[in-house]
Structures are given as structure tokens and as C-alpha cells.
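Asker: work-v1.txt (compact mmCIF, C-alpha atoms) pasted underneath:
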# COMPACT_ATOMS: atom_id res chain seq x y z
CA MET A 1 -127.52 -108.76 -58.29
CA ILE A 2 -125.55 -110.16 -55.35
CA LEU A 3 -122.71 -111.40 -57.63
CA GLY A 4 -121.38 -109.22 -60.39
CA GLN A 5 -119.34 -111.94 -62.07
CA VAL A 6 -120.80 -115.39 -62.74
CA PRO A 7 -119.39 -117.96 -65.22
CA GLY A 8 -120.99 -117.74 -68.66
CA GLY A 9 -123.05 -120.92 -68.62
CA LEU A 10 -124.44 -120.31 -65.13
CA ALA A 11 -125.08 -116.63 -65.96
CA ALA A 12 -127.10 -117.60 -69.04
CA ARG A 13 -129.16 -120.10 -67.01
CA ALA A 14 -129.70 -117.48 -64.27
CA HIS A 15 -131.01 -114.97 -66.83
CA GLY A 16 -133.22 -117.69 -68.30
CA ALA A 17 -134.54 -118.45 -64.82
CA ALA A 18 -135.21 -114.73 -64.27
CA ARG A 19 -137.21 -114.49 -67.48
CA GLU A 20 -139.27 -117.56 -66.58
CA LEU A 21 -139.92 -116.22 -63.07
CA ALA A 22 -140.86 -112.78 -64.41
CA ALA A 23 -143.34 -114.42 -66.78
CA ARG A 24 -144.94 -116.02 -63.72
CA GLY A 25 -145.35 -112.67 -61.99
CA VAL A 26 -142.21 -112.55 -59.83
CA THR A 27 -140.99 -108.99 -59.18
CA GLN A 28 -138.83 -107.16 -56.66
CA GLY A 29 -139.91 -108.17 -53.16
CA SER A 30 -141.42 -111.50 -54.24
CA ARG A 31 -140.49 -114.85 -52.67
CA VAL A 32 -139.59 -117.96 -54.64
CA ALA A 33 -139.28 -121.55 -53.44
CA VAL A 34 -136.87 -123.84 -55.32
CA ASP A 35 -137.70 -127.53 -55.09
CA GLY A 36 -134.82 -129.35 -56.77
CA GLY A 37 -133.11 -128.86 -60.09
CA ASP A 38 -130.51 -126.19 -60.86
CA VAL A 39 -130.65 -124.43 -57.50
CA LEU A 40 -127.92 -121.87 -58.21
CA ALA A 41 -129.51 -120.76 -61.50
CA TRP A 42 -132.94 -120.27 -59.88
CA LEU A 43 -131.40 -118.53 -56.86
CA LEU A 44 -129.40 -116.08 -58.97
CA GLY A 45 -132.29 -115.64 -61.39
CA ALA A 46 -134.65 -114.69 -58.58
CA ASP A 47 -132.00 -112.31 -57.26
CA LEU A 48 -131.79 -110.58 -60.66
CA LEU A 49 -135.45 -109.65 -60.16
CA GLY A 50 -134.89 -108.60 -56.54
CA ALA A 51 -136.76 -111.64 -55.21
CA ALA A 52 -135.73 -113.80 -52.24
CA THR A 53 -135.33 -117.58 -52.45
CA LEU A 54 -136.20 -120.47 -50.15
CA VAL A 55 -134.54 -123.77 -51.08
CA VAL A 56 -136.72 -126.76 -50.18
CA GLU A 57 -134.99 -129.52 -48.20
CA PRO A 58 -136.03 -132.92 -49.60
CA ARG A 59 -135.80 -134.54 -46.15
CA TRP A 60 -138.43 -132.32 -44.57
CA THR A 61 -141.43 -134.31 -43.47
CA PRO A 62 -144.73 -133.37 -45.17
CA ARG A 63 -145.73 -131.58 -41.96
CA GLU A 64 -142.46 -129.61 -41.81
CA ARG A 65 -142.68 -128.71 -45.48
CA ALA A 66 -146.25 -127.46 -45.14
CA ALA A 67 -145.39 -125.39 -42.05
CA ILE A 68 -142.28 -123.85 -43.62
CA LEU A 69 -144.02 -122.97 -46.88
CA ASP A 70 -146.85 -121.46 -44.85
CA ASP A 71 -144.34 -119.24 -43.05
CA ALA A 72 -142.48 -118.28 -46.25
CA ARG A 73 -145.60 -117.86 -48.46
CA PRO A 74 -143.69 -117.97 -51.78
CA GLU A 75 -145.44 -116.62 -54.86
CA VAL A 76 -144.16 -119.53 -56.95
CA VAL A 77 -142.51 -122.92 -56.46
CA VAL A 78 -140.09 -123.94 -59.21
CA GLY A 79 -137.76 -126.84 -59.98
CA GLY A 80 -135.91 -128.51 -62.80
CA ASP A 81 -133.39 -126.78 -65.02
CA PRO A 82 -134.20 -123.40 -66.59
CA GLU A 83 -133.33 -122.74 -70.22
CA PRO A 84 -130.53 -120.22 -70.90
CA GLY A 85 -131.76 -116.71 -71.61
CA LEU A 86 -130.62 -113.27 -72.77
CA PRO A 87 -129.37 -110.82 -70.12
CA LEU A 88 -131.82 -108.82 -68.02
CA PRO A 89 -131.08 -105.73 -65.91
CA SER A 90 -130.92 -106.38 -62.17
CA SER A 91 -133.25 -104.89 -59.57
CA GLY A 92 -132.84 -103.87 -55.94
CA ASP A 93 -129.91 -102.80 -53.79
CA GLU A 94 -127.85 -104.20 -50.90
CA ARG A 95 -130.84 -104.04 -48.56
CA THR A 96 -132.95 -106.23 -50.84
CA ALA A 97 -133.95 -109.59 -49.34
CA PHE A 98 -131.92 -112.25 -51.10
CA TYR A 99 -132.20 -115.58 -49.31
CA LEU A 100 -134.66 -117.29 -46.98
CA PRO A 101 -132.57 -119.77 -44.99
CA THR A 102 -134.12 -122.08 -42.47
CA THR A 103 -132.54 -122.95 -39.17
CA SER A 104 -130.84 -126.33 -39.37
CA GLY A 105 -133.48 -128.28 -37.50
CA SER A 106 -130.72 -129.95 -35.45
CA SER A 107 -132.49 -128.86 -32.27
CA GLY A 108 -136.12 -128.48 -33.34
CA ARG A 109 -138.49 -127.46 -36.16
CA PRO A 110 -136.76 -125.26 -38.76
CA LYS A 111 -137.67 -121.56 -38.80
CA VAL A 112 -137.65 -119.30 -41.87
CA LEU A 113 -135.30 -116.31 -41.79
CA VAL A 114 -134.75 -113.36 -44.11
CA ARG A 115 -131.21 -112.43 -45.14
CA SER A 116 -130.32 -109.43 -47.29
CA ARG A 117 -127.74 -109.14 -50.04
CA ALA A 118 -125.59 -107.01 -47.74
CA SER A 119 -125.63 -109.72 -45.07
CA TRP A 120 -124.20 -112.25 -47.53
CA LEU A 121 -121.69 -109.91 -49.17
CA ARG A 122 -120.28 -108.87 -45.80
CA SER A 123 -120.02 -112.54 -44.86
CA PHE A 124 -118.03 -113.25 -48.03
CA GLU A 125 -115.70 -110.37 -47.19
CA ALA A 126 -115.24 -111.62 -43.63
CA LEU A 127 -114.17 -115.07 -44.82
CA GLY A 128 -111.96 -113.60 -47.53
CA PRO A 129 -110.70 -115.08 -50.79
CA LEU A 130 -110.05 -118.78 -51.36
CA PRO A 131 -107.96 -120.47 -54.04
CA GLY A 132 -109.78 -122.49 -56.68
CA PRO A 133 -111.04 -124.95 -57.61
CA VAL A 134 -113.40 -124.86 -54.61
CA LEU A 135 -115.23 -128.07 -53.70
CA VAL A 136 -118.69 -127.86 -52.11
CA PRO A 137 -119.57 -131.48 -51.24
CA GLY A 138 -123.15 -131.23 -50.07
CA PRO A 139 -126.72 -130.33 -51.06
CA LEU A 140 -127.56 -126.69 -51.77
CA SER A 141 -130.69 -127.12 -49.66
CA SER A 142 -128.22 -126.51 -46.80
CA SER A 143 -127.37 -122.85 -46.26
CA LEU A 144 -123.84 -123.88 -45.24
CA PHE A 145 -123.16 -125.35 -48.67
CA THR A 146 -125.06 -122.61 -50.49
CA PHE A 147 -122.84 -120.11 -48.71
CA GLY A 148 -119.76 -122.06 -49.81
CA ALA A 149 -120.91 -122.13 -53.44
CA LEU A 150 -121.76 -118.43 -53.63
CA HIS A 151 -118.57 -117.51 -51.78
CA ALA A 152 -116.55 -119.42 -54.40
CA LEU A 153 -118.30 -117.46 -57.18
CA TRP A 154 -117.63 -114.22 -55.28
CA CYS A 155 -113.95 -115.21 -55.19
CA GLY A 156 -113.98 -115.75 -58.95
CA ALA A 157 -112.86 -119.34 -58.33
CA GLU A 158 -113.89 -122.45 -60.22
CA LEU A 159 -116.78 -124.07 -58.35
CA ARG A 160 -117.29 -127.82 -58.09
CA VAL A 161 -120.55 -128.91 -56.42
CA ARG A 162 -120.99 -132.56 -55.47
CA ASP A 163 -123.77 -134.42 -53.64
CA HIS A 164 -121.37 -135.82 -51.05
CA LEU A 165 -117.71 -135.80 -50.07
CA ARG A 166 -115.30 -138.09 -51.89
CA ALA A 167 -111.58 -138.09 -51.24
CA PHE A 168 -110.98 -138.20 -55.00
CA ASP A 169 -112.73 -134.83 -55.48
CA ALA A 170 -110.99 -133.29 -52.45
CA ARG A 171 -107.54 -134.30 -53.68
CA GLU A 172 -108.09 -132.33 -56.89
CA ALA A 173 -109.51 -129.17 -55.25
CA ALA A 174 -107.54 -126.30 -53.75
CA ALA A 175 -110.22 -125.51 -51.15
CA VAL A 176 -113.22 -127.28 -49.66
CA HIS A 177 -116.18 -126.34 -47.42
CA LEU A 178 -117.26 -129.01 -44.92
CA VAL A 179 -118.43 -129.82 -41.38
CA PRO A 180 -116.34 -131.62 -38.70
CA ALA A 181 -117.84 -135.07 -39.33
CA MET A 182 -116.89 -134.74 -43.00
CA LEU A 183 -113.40 -133.63 -42.00
CA VAL A 184 -113.02 -136.81 -39.94
CA ASP A 185 -114.07 -138.89 -42.96
CA LEU A 186 -111.71 -137.03 -45.29
CA LEU A 187 -108.70 -137.38 -43.01
CA GLY A 188 -109.44 -141.08 -42.58
CA GLU A 189 -109.49 -141.60 -46.37
CA LEU A 190 -106.26 -139.64 -46.83
CA GLU A 191 -104.57 -141.61 -44.03
CA ARG A 192 -105.62 -144.95 -45.51
CA GLU A 193 -104.52 -144.01 -49.01
CA PRO A 194 -101.69 -141.44 -48.88
CA GLY A 195 -100.91 -139.69 -52.12
CA PRO A 196 -100.88 -136.34 -53.91
CA CYS A 197 -103.40 -133.82 -52.61
CA ALA A 198 -103.90 -130.30 -53.94
CA LEU A 199 -105.84 -129.03 -50.91
CA ARG A 200 -104.50 -125.79 -49.48
CA THR A 201 -107.48 -124.48 -47.51
CA VAL A 202 -110.16 -126.39 -45.63
CA VAL A 203 -113.08 -124.29 -44.38
CA CYS A 204 -114.94 -125.99 -41.54
CA GLY A 205 -118.18 -124.79 -39.93
CA GLY A 206 -121.31 -126.13 -38.33
CA ALA A 207 -119.81 -127.54 -35.10
CA HIS A 208 -116.81 -127.39 -32.79
CA VAL A 209 -113.44 -128.74 -33.96
CA GLY A 210 -111.49 -130.17 -31.03
CA ASP A 211 -107.75 -129.94 -30.42
CA ALA A 212 -107.21 -133.61 -31.27
CA LEU A 213 -108.92 -133.28 -34.67
CA ARG A 214 -106.99 -130.07 -35.33
CA ALA A 215 -103.69 -131.86 -34.58
CA ARG A 216 -104.71 -134.79 -36.82
CA PHE A 217 -105.41 -132.33 -39.63
CA ALA A 218 -101.94 -130.80 -39.24
CA ARG A 219 -100.32 -134.24 -39.44
CA THR A 220 -102.32 -135.44 -42.41
CA LEU A 221 -102.39 -132.21 -44.44
CA PRO A 222 -99.23 -130.35 -43.35
CA ASP A 223 -99.32 -128.01 -46.36
CA ALA A 224 -102.97 -127.01 -45.89
CA ARG A 225 -104.61 -124.43 -43.66
CA LEU A 226 -107.67 -125.11 -41.53
CA VAL A 227 -110.06 -122.15 -41.31
CA GLU A 228 -112.82 -122.67 -38.75
CA TYR A 229 -115.81 -120.42 -38.32
CA TYR A 230 -118.49 -120.12 -35.69
CA GLY A 231 -121.87 -118.73 -36.59
CA SER A 232 -125.59 -119.33 -36.81
CA ALA A 233 -128.33 -119.11 -39.41
CA GLU A 234 -129.49 -115.88 -37.76
CA HIS A 235 -126.11 -114.18 -37.44
CA SER A 236 -124.02 -115.64 -40.27
CA LEU A 237 -120.31 -115.59 -39.35
CA ILE A 238 -119.64 -114.52 -35.77
CA ALA A 239 -116.01 -115.51 -35.25
CA ILE A 240 -113.26 -117.10 -37.35
CA ARG A 241 -110.21 -119.12 -36.35
CA ARG A 242 -107.31 -118.99 -38.78
CA ASP A 243 -104.41 -119.72 -36.46
CA ALA A 244 -104.89 -119.56 -32.69
CA GLY A 245 -108.33 -119.00 -31.21
CA LEU A 246 -111.71 -117.88 -32.54
CA ARG A 247 -111.73 -114.12 -33.04
CA PRO A 248 -114.89 -112.06 -33.64
CA VAL A 249 -115.48 -110.88 -37.20
CA PRO A 250 -114.71 -107.14 -37.50
CA GLY A 251 -117.83 -105.10 -36.86
CA VAL A 252 -119.55 -107.80 -34.78
CA GLU A 253 -120.22 -106.59 -31.23
CA LEU A 254 -120.44 -109.21 -28.47
CA ASP A 255 -122.14 -109.02 -25.08
CA VAL A 256 -121.84 -112.00 -22.71
CA ARG A 257 -124.25 -112.09 -19.76
CA ASP A 258 -124.44 -115.05 -17.41
CA GLY A 259 -122.38 -116.97 -19.93
CA VAL A 260 -124.89 -116.48 -22.79
CA LEU A 261 -123.93 -114.58 -25.94
CA ARG A 262 -125.89 -111.65 -27.35
CA LEU A 263 -124.62 -109.76 -30.35
CA ARG A 264 -125.16 -106.92 -32.78
CA SER A 265 -123.87 -107.56 -36.26
CA PRO A 266 -123.97 -106.04 -39.76
CA LEU A 267 -124.03 -109.64 -41.06
CA ALA A 268 -127.19 -110.59 -39.17
CA PHE A 269 -130.62 -111.51 -40.49
CA ASP A 270 -133.53 -109.10 -40.96
CA GLY A 271 -136.02 -111.20 -39.04
CA TYR A 272 -138.25 -114.28 -39.04
CA LEU A 273 -141.11 -115.01 -41.43
CA ARG A 274 -144.24 -116.25 -39.72
CA GLY A 275 -147.37 -116.73 -41.79
CA GLY A 276 -145.79 -114.69 -44.56
CA GLU A 277 -145.21 -111.66 -42.34
CA LEU A 278 -141.77 -110.41 -41.29
CA GLU A 279 -141.07 -110.20 -37.58
CA PRO A 280 -138.08 -107.84 -37.53
CA ALA A 281 -134.99 -108.99 -35.69
CA PRO A 282 -134.04 -106.98 -32.59
CA GLU A 283 -130.90 -104.84 -32.69
CA TRP A 284 -129.26 -107.22 -30.19
CA SER A 285 -130.18 -110.87 -30.50
CA SER A 286 -129.21 -114.30 -29.21
CA VAL A 287 -129.70 -117.94 -30.15
CA GLY A 288 -128.76 -119.11 -26.65
CA ASP A 289 -125.12 -120.00 -27.23
CA ARG A 290 -123.04 -120.35 -24.06
CA VAL A 291 -119.62 -118.78 -24.54
CA GLU A 292 -116.60 -117.36 -22.76
CA LEU A 293 -114.86 -114.19 -23.96
CA ARG A 294 -111.24 -114.33 -22.87
CA PRO A 295 -109.01 -111.35 -22.01
CA ASP A 296 -106.98 -111.86 -25.21
CA GLY A 297 -110.14 -111.28 -27.28
CA THR A 298 -110.67 -114.91 -28.31
CA LEU A 299 -114.02 -116.60 -27.98
CA VAL A 300 -114.62 -120.05 -26.50
CA VAL A 301 -117.96 -121.60 -27.50
CA HIS A 302 -119.42 -124.10 -25.04
CA GLY A 303 -122.55 -124.87 -27.04
CA ARG A 304 -126.18 -123.89 -27.32
CA ASP A 305 -128.59 -124.05 -24.40
CA SER A 306 -130.47 -126.72 -26.33
CA ALA A 307 -127.22 -128.74 -26.44
CA THR A 308 -126.52 -128.31 -22.73
CA ILE A 309 -127.26 -131.22 -20.39
CA SER A 310 -128.08 -130.70 -16.72
CA SER A 311 -126.65 -133.75 -14.98
CA GLY A 312 -126.17 -133.99 -11.22
CA GLY A 313 -126.26 -130.23 -10.80
CA ARG A 314 -123.61 -129.65 -13.49
CA LEU A 315 -124.19 -128.11 -16.92
CA VAL A 316 -122.47 -130.23 -19.55
CA SER A 317 -121.79 -128.92 -23.06
CA ALA A 318 -122.67 -131.71 -25.48
CA GLU A 319 -120.43 -130.18 -28.14
CA GLU A 320 -117.38 -130.23 -25.86
CA VAL A 321 -117.85 -133.95 -25.18
CA GLU A 322 -118.51 -134.65 -28.86
CA ALA A 323 -115.29 -132.93 -29.91
CA VAL A 324 -113.29 -135.19 -27.58
CA LEU A 325 -114.93 -138.45 -28.69
CA ARG A 326 -114.93 -137.58 -32.38
CA ALA A 327 -111.13 -137.84 -32.36
CA VAL A 328 -111.12 -141.52 -31.23
CA PRO A 329 -109.97 -143.77 -34.11
CA GLY A 330 -112.82 -145.67 -35.75
CA ILE A 331 -115.47 -143.15 -34.72
CA GLU A 332 -117.13 -141.55 -37.74
CA ASP A 333 -119.21 -139.14 -35.67
CA VAL A 334 -120.85 -138.81 -32.27
CA LEU A 335 -123.85 -137.09 -30.73
CA VAL A 336 -124.12 -136.46 -27.01
CA THR A 337 -127.45 -135.85 -25.32
CA GLY A 338 -129.18 -136.36 -22.00
CA THR A 339 -131.46 -139.25 -21.11
CA PRO A 340 -133.77 -139.06 -18.06
CA HIS A 341 -132.42 -140.23 -14.69
CA ALA A 342 -134.34 -140.16 -11.40
CA ARG A 343 -131.43 -138.93 -9.26
CA LEU A 344 -129.17 -136.98 -11.64
CA GLY A 345 -131.90 -135.43 -13.76
CA ALA A 346 -130.20 -136.62 -16.94
CA LEU A 347 -127.46 -139.08 -17.83
CA VAL A 348 -124.81 -137.85 -20.23
CA THR A 349 -125.37 -140.23 -23.14
CA ALA A 350 -123.04 -140.70 -26.11
CA VAL A 351 -124.35 -142.14 -29.37
CA VAL A 352 -121.34 -143.00 -31.52
CA GLU A 353 -121.53 -143.66 -35.24
CA ALA A 354 -119.25 -146.47 -36.37
CA ASP A 355 -119.38 -149.36 -38.84
CA THR A 356 -118.17 -151.81 -36.19
CA ALA A 357 -118.53 -151.57 -32.43
CA PRO A 358 -115.60 -149.57 -31.03
CA ALA A 359 -113.80 -150.53 -27.82
CA LEU A 360 -115.67 -148.99 -24.92
CA ALA A 361 -112.44 -148.91 -22.90
CA GLU A 362 -110.85 -146.67 -25.54
CA LEU A 363 -113.78 -144.26 -25.52
CA ARG A 364 -113.77 -144.07 -21.75
CA ALA A 365 -110.02 -143.50 -21.73
CA ALA A 366 -110.39 -140.56 -24.12
CA ALA A 367 -113.13 -139.09 -21.90
CA ARG A 368 -111.02 -139.52 -18.75
CA ALA A 369 -108.03 -137.85 -20.38
CA ALA A 370 -109.89 -134.73 -21.55
CA LEU A 371 -113.06 -134.29 -19.47
CA GLU A 372 -113.91 -133.65 -15.84
CA PRO A 373 -115.75 -136.57 -14.19
CA GLY A 374 -119.16 -134.90 -14.34
CA LYS A 375 -118.86 -134.37 -18.10
CA ARG A 376 -118.03 -137.96 -19.00
CA PRO A 377 -120.77 -140.07 -20.61
CA ARG A 378 -122.37 -142.67 -18.36
CA ARG A 379 -124.42 -144.29 -21.09
CA TRP A 380 -122.86 -145.44 -24.36
CA LEU A 381 -124.69 -146.43 -27.56
CA ARG A 382 -123.54 -147.28 -31.06
CA THR A 383 -125.36 -146.74 -34.35
CA LYS A 384 -124.32 -147.30 -37.94
CA ALA A 385 -125.88 -144.01 -39.06
CA LEU A 386 -126.95 -140.97 -37.07
CA PRO A 387 -129.99 -139.06 -38.36
CA ARG A 388 -128.71 -135.88 -40.02
CA THR A 389 -129.74 -132.43 -41.19
CA ALA A 390 -129.16 -131.23 -44.76
CA SER A 391 -125.73 -129.80 -43.87
CA GLY A 392 -124.59 -133.16 -42.53
CA LYS A 393 -124.83 -132.29 -38.85
CA PRO A 394 -126.43 -134.84 -36.51
CA ALA A 395 -130.12 -134.03 -35.96
CA ARG A 396 -129.98 -133.44 -32.21
CA ALA A 397 -133.69 -133.03 -31.54
CA LEU A 398 -134.62 -136.09 -33.62
CA VAL A 399 -132.04 -138.30 -31.87
CA ALA A 400 -133.34 -137.19 -28.46
CA GLU A 401 -136.91 -137.91 -29.59
CA GLN A 402 -136.00 -141.37 -30.90
CA LEU A 403 -134.08 -142.18 -27.72
CA ALA A 404 -137.11 -141.20 -25.68
CA ASP A 405 -139.56 -143.35 -27.65
CA GLY A 406 -137.16 -146.25 -28.21
CA THR A 407 -137.01 -145.99 -32.01
CA LEU A 408 -133.34 -145.04 -32.44
CA ALA A 409 -131.47 -147.79 -34.30
CA ALA A 410 -128.70 -148.12 -31.73
CA GLU A 411 -127.28 -150.79 -29.44
CA PRO A 412 -125.54 -150.49 -26.04
CA LEU A 413 -121.75 -150.58 -26.01
CA ARG A 414 -120.41 -152.99 -23.42
Could you take the file, read its structure, and then write that structure out as C-alpha cells?
Answerer:
Amino acid sequence: MILGQVPGGLAARAHGAARELAARGVTQGSRVAVDGGDVLAWLLGADLLGAATLVVEPRWTPRERAAILDDARPEVVVGGDPEPGLPLPSSGDERTAFYLPTTSGSSGRPKVLVRSRASWLRSFEALGPLPGPVLVPGPLSSSLFTFGALHALWCGAELRVRDHLRAFDAREAAAVHLVPAMLVDLLGELEREPGPCALRTVVCGGAHVGDALRARFARTLPDARLVEYYGSAEHSLIAIRRDAGLRPVPGVELDVRDGVLRLRSPLAFDGYLRGGELEPAPEWSSVGDRVELRPDGTLVVHGRDSATISSGGRLVSAEEVEAVLRAVPGIEDVLVTGTPHARLGALVTAVVEADTAPALAELRAAARAALEPGKRPRRWLRTKALPRTASGKPARALVAEQLADGTLAAEPLR
């Protein structure tokens, strides 16, 4: 079993889940899909049998769901809450397939991956222990939040899972896992209503955290530590920032060619599932991230090729622009993409999420202060709610698609 120590109630439910799965023919090497209910109990129960789990994302379209299940080919699909059961012996070893994450879908159709127990355990070790209680404020259909929940159990900390982030829950936790947009929301709530806050560690992944947001965190939570990590569904944790600069996780080997990262990692996935068959991952692999490896050993991430805009002969990292604009007061989140332009190829376009229309002059001033002219947005839109993936990240491919066909619920900023 991936976790030796699990709280009594959850352990009993996990053993009950294992017994129910075994009665339905699940054995070592099987695949299980969990569609709602007590996700952690089913996940750990399947792991007791040496089976790997896919967690169904409720927001998948029927077409996405059918395609993903066709790739995963699970023996059974379960949901609901399993009854507690008596202990069962565990099967498998560190190489046993444990989890079937899907890529986030932020830049296209999700793909099904295979991750082993060893991949997850080494990831827990790389992040290290956290104080409890640990708050995980998001759905366990997201691998980011599933990782946070299992990491908390690995730490032996009290785990608190919530459907969404509330400042009330965060104030009473010692640590929290979130993404940058959630960090912006949390800091805003704490600034509006100052008061006691028990937070000592904030773990942030999923997207780039800019200098302005980092400074805001230090002002608002002076007694807390911000731990940022960079990774991917395929490679798990690649680099972690605890103080100054992202530094590669020990044992992860980096190779940067023409600005694109390739790596070899003991934390990486085993391969992709296509039509139920495993396509093994290569020894060295890449997801197309553009990076810079500095002489001091720190890593600067410029963004994925799919989040790079070619405008007027310049390559613009959408994530770099987003990090700058996300720090503007009143902006809840922002997504930057390219829209077609006859002369430039693409216009750098910013879609900002805000309840009320922000001042365009303030956004442009922030861009002028931090970005070269060619990186500054030339088209500005405002929406009340960006389409999102399960982890809370803006759904980049969907926004680009809706911009192209005119269905995005957004208005020009003037």
C-alpha cells in the first residue's frame, strides 16, 4: 500500500472498498475508475489490491469522458461511499501502478498517464513534511489536490478536504495546497478582513507566481512560508522554490536544448494509456516547456510551447504576462492568449477575470512597468468567470476556442 499509516476511519473505509472491489474481480494490475463519492477510500482500497485508479472529472464532456475511459479501459467503475471493512493484506511493490492521472486539459484534450507508487512516494519526499492541519480546498478529480491530500496523510497530518477555498478554513489550517489564482483570492480576503491566521506554509503549484504576488504574500502573511513547485502531470515535481529561485528536485536531470526542457526523473510517469495499452515513456521526455537554466543552478520557466504566442516575430510567454497582470488590484485571475492578426500573426490578448470592469489604464501601466513592448497585450477583454480545469487553472485551449468562434462571455475593456 502506498501509505502505511492512514487514520482509522479512512483506513476502515479503504479496506471496505478493497473488499467490494475484490468481489467485483479487481486484482493486482487491474484498473478502477472512481466516479464521485469517497474518492480517497476507493483510491486507497484499489491500491491495497495493487490496482490503479482513474478519478473521473465531472466537468468532462460526454465525448471527453468516453475517449478517456476508452484509453484507460477500467475493469470497474465505482462511486458512492464504501462500507467500512476488516483489514486485508496489501499487494504489489513500489513499481506497482497506483494512479492514472489525466493531463489538465488546460491546453487540449486530457491524456491518461500511468504513475507508480514509487513516483508518488518520491514526490512526497521531495516536498517534505508539512505541519497540520493541512487544507486541500479543491476536488480530488484534480491530481494537484489528490497529491496534496495523500501528501498530508504521508506526513501524518490531519487532513481537511473542502470543495473550494474559504478564508475561514484557511485561517484555521497550518498548511494549504492551492494554485496562484486561489492565492490571489485568499490574500484578498485576508487583506479585507485582517485577523488571526494559523497558516504557516502555503504550497502553490499549477502556474507561475510572479514577484508582485510573492511580495504581497510576504506582506499579508509575514509569519508564513510560500513553497512553490514547478512540475507536470508526466513528471510530477521538477523544481521547488522555498526561498530564492526554483531549484531542481534532487535526482532530476535537466537538459535544455534550444530553450526547451527535456528531463530524466525518478519521479516521472511510466507512460501513456491509449486504447487500454501502455505506451512506455522514453527515458528522457519533454512536455514542451520553455525554460532557462541559470549558472547558479536555478530554473526560470517561461511557459509551455502551447502557451507561447508568436506576435510580430517575437515569442511571448503567456504565463509571464499573466503573472504581471494577476498582481493588479481587483483582478481575480487572467489568461493571456493570441488572437489572429493579418500583419503580426497574433495579437497578445489578455482576458481578465473581475467582478467589475478594472481600469484599463492601470492594467496598461502594470504591463509597461514589467514587460518589454512586444510582450504587452494589445487586446483587452473582461469576463466575470474564466472557464477552468478541475484544479482551478484557466482552461487555455477552451478560452482560445471560444475566442475564435465568438462564444466567450467577455466584453472589451476600453
Asker: Would you mind reading off the distance between CA of Trp154 in chain A and CA of Gly128 in chain A, one decimal, in Å?
Answerer: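 So the answer is 9.6 Å.
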Asker: Taking all atoms listed in the file into account, which of A:Val56, A:Ile309, A:Ala14, A:Cys204 comes nearest Leu69 in chain A?
Answerer: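 Of A:Val56, A:Ile309, A:Ala14, A:Cys204, the one nearest Leu69 in chain A is A:Val56, counting all atoms listed in the file.
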Asker: Any idea what the distance is between CA of Ala198 in chain A and CA of Leu127 in chain A?
Answerer: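 CA of Ala198 in chain A sits 20.5 Å away from CA of Leu127 in chain A.
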Asker: Please report the interatomic distance between CA of Ser30 in chain A and CA of Pro110 in chain A in Å with one decimal.
Answerer: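 Here the two named atoms are 21.2 Å from each other.
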Asker: Which one of A:Leu130, A:Ala33, A:Val328, A:Leu199 sits closest to Arg171 in chain A if you count only C-alpha atoms?
Answerer: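 That would be A:Leu199, the residue with the smallest distance to Arg171 in chain A.
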Asker: For Gly45 in chain A, please output as an NGL selection string all residues within 6 Å (counting all atoms listed in the file; exclusion window: fewer than 3 positions along the same chain).
Answerer: :A and (14-15 or 17-18 or 41-42 or 48)
Asker: Can you write just those residues out, C-alpha atoms, as a PDB file, in the coordinates of the input?
Answerer:
ATOM      1  CA  ALA A  14    -129.700-117.480 -64.270  1.00  0.00           C
ATOM      2  CA  HIS A  15    -131.010-114.970 -66.830  1.00  0.00           C
ATOM      3  CA  ALA A  17    -134.540-118.450 -64.820  1.00  0.00           C
ATOM      4  CA  ALA A  18    -135.210-114.730 -64.270  1.00  0.00           C
ATOM      5  CA  ALA A  41    -129.510-120.760 -61.500  1.00  0.00           C
ATOM      6  CA  TRP A  42    -132.940-120.270 -59.880  1.00  0.00           C
ATOM      7  CA  LEU A  48    -131.790-110.580 -60.660  1.00  0.00           C
TER       8      LEU A  48
END
Asker: Using only C-alpha atoms, which protein or nucleic acid residues come within 9 Å of range 236-244 of chain A? Drop anything in the same chain fewer than 4 positions from it, and give the result as a ChimeraX atom specification.
Answerer: /A:119-120,123,126-127,225-232,248-250,252,263,265,267-269,298-299
Asker: Might you pull out every residue within 7 Å of Gly16 in chain A, with all atoms listed in the file counted and same-chain residues fewer than 4 positions away left off, and present them as a PyMOL selection string?
Answerer: chain A and resi 12+20+82-86
Asker: For a quick check of understanding, using only C-alpha atoms, which of A:Pro129, A:Pro87, A:Gly36, A:Pro101 has the smallest distance to Ile68 in chain A?
Answerer: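 Smallest distance to Ile68 in chain A is found for A:Pro101.
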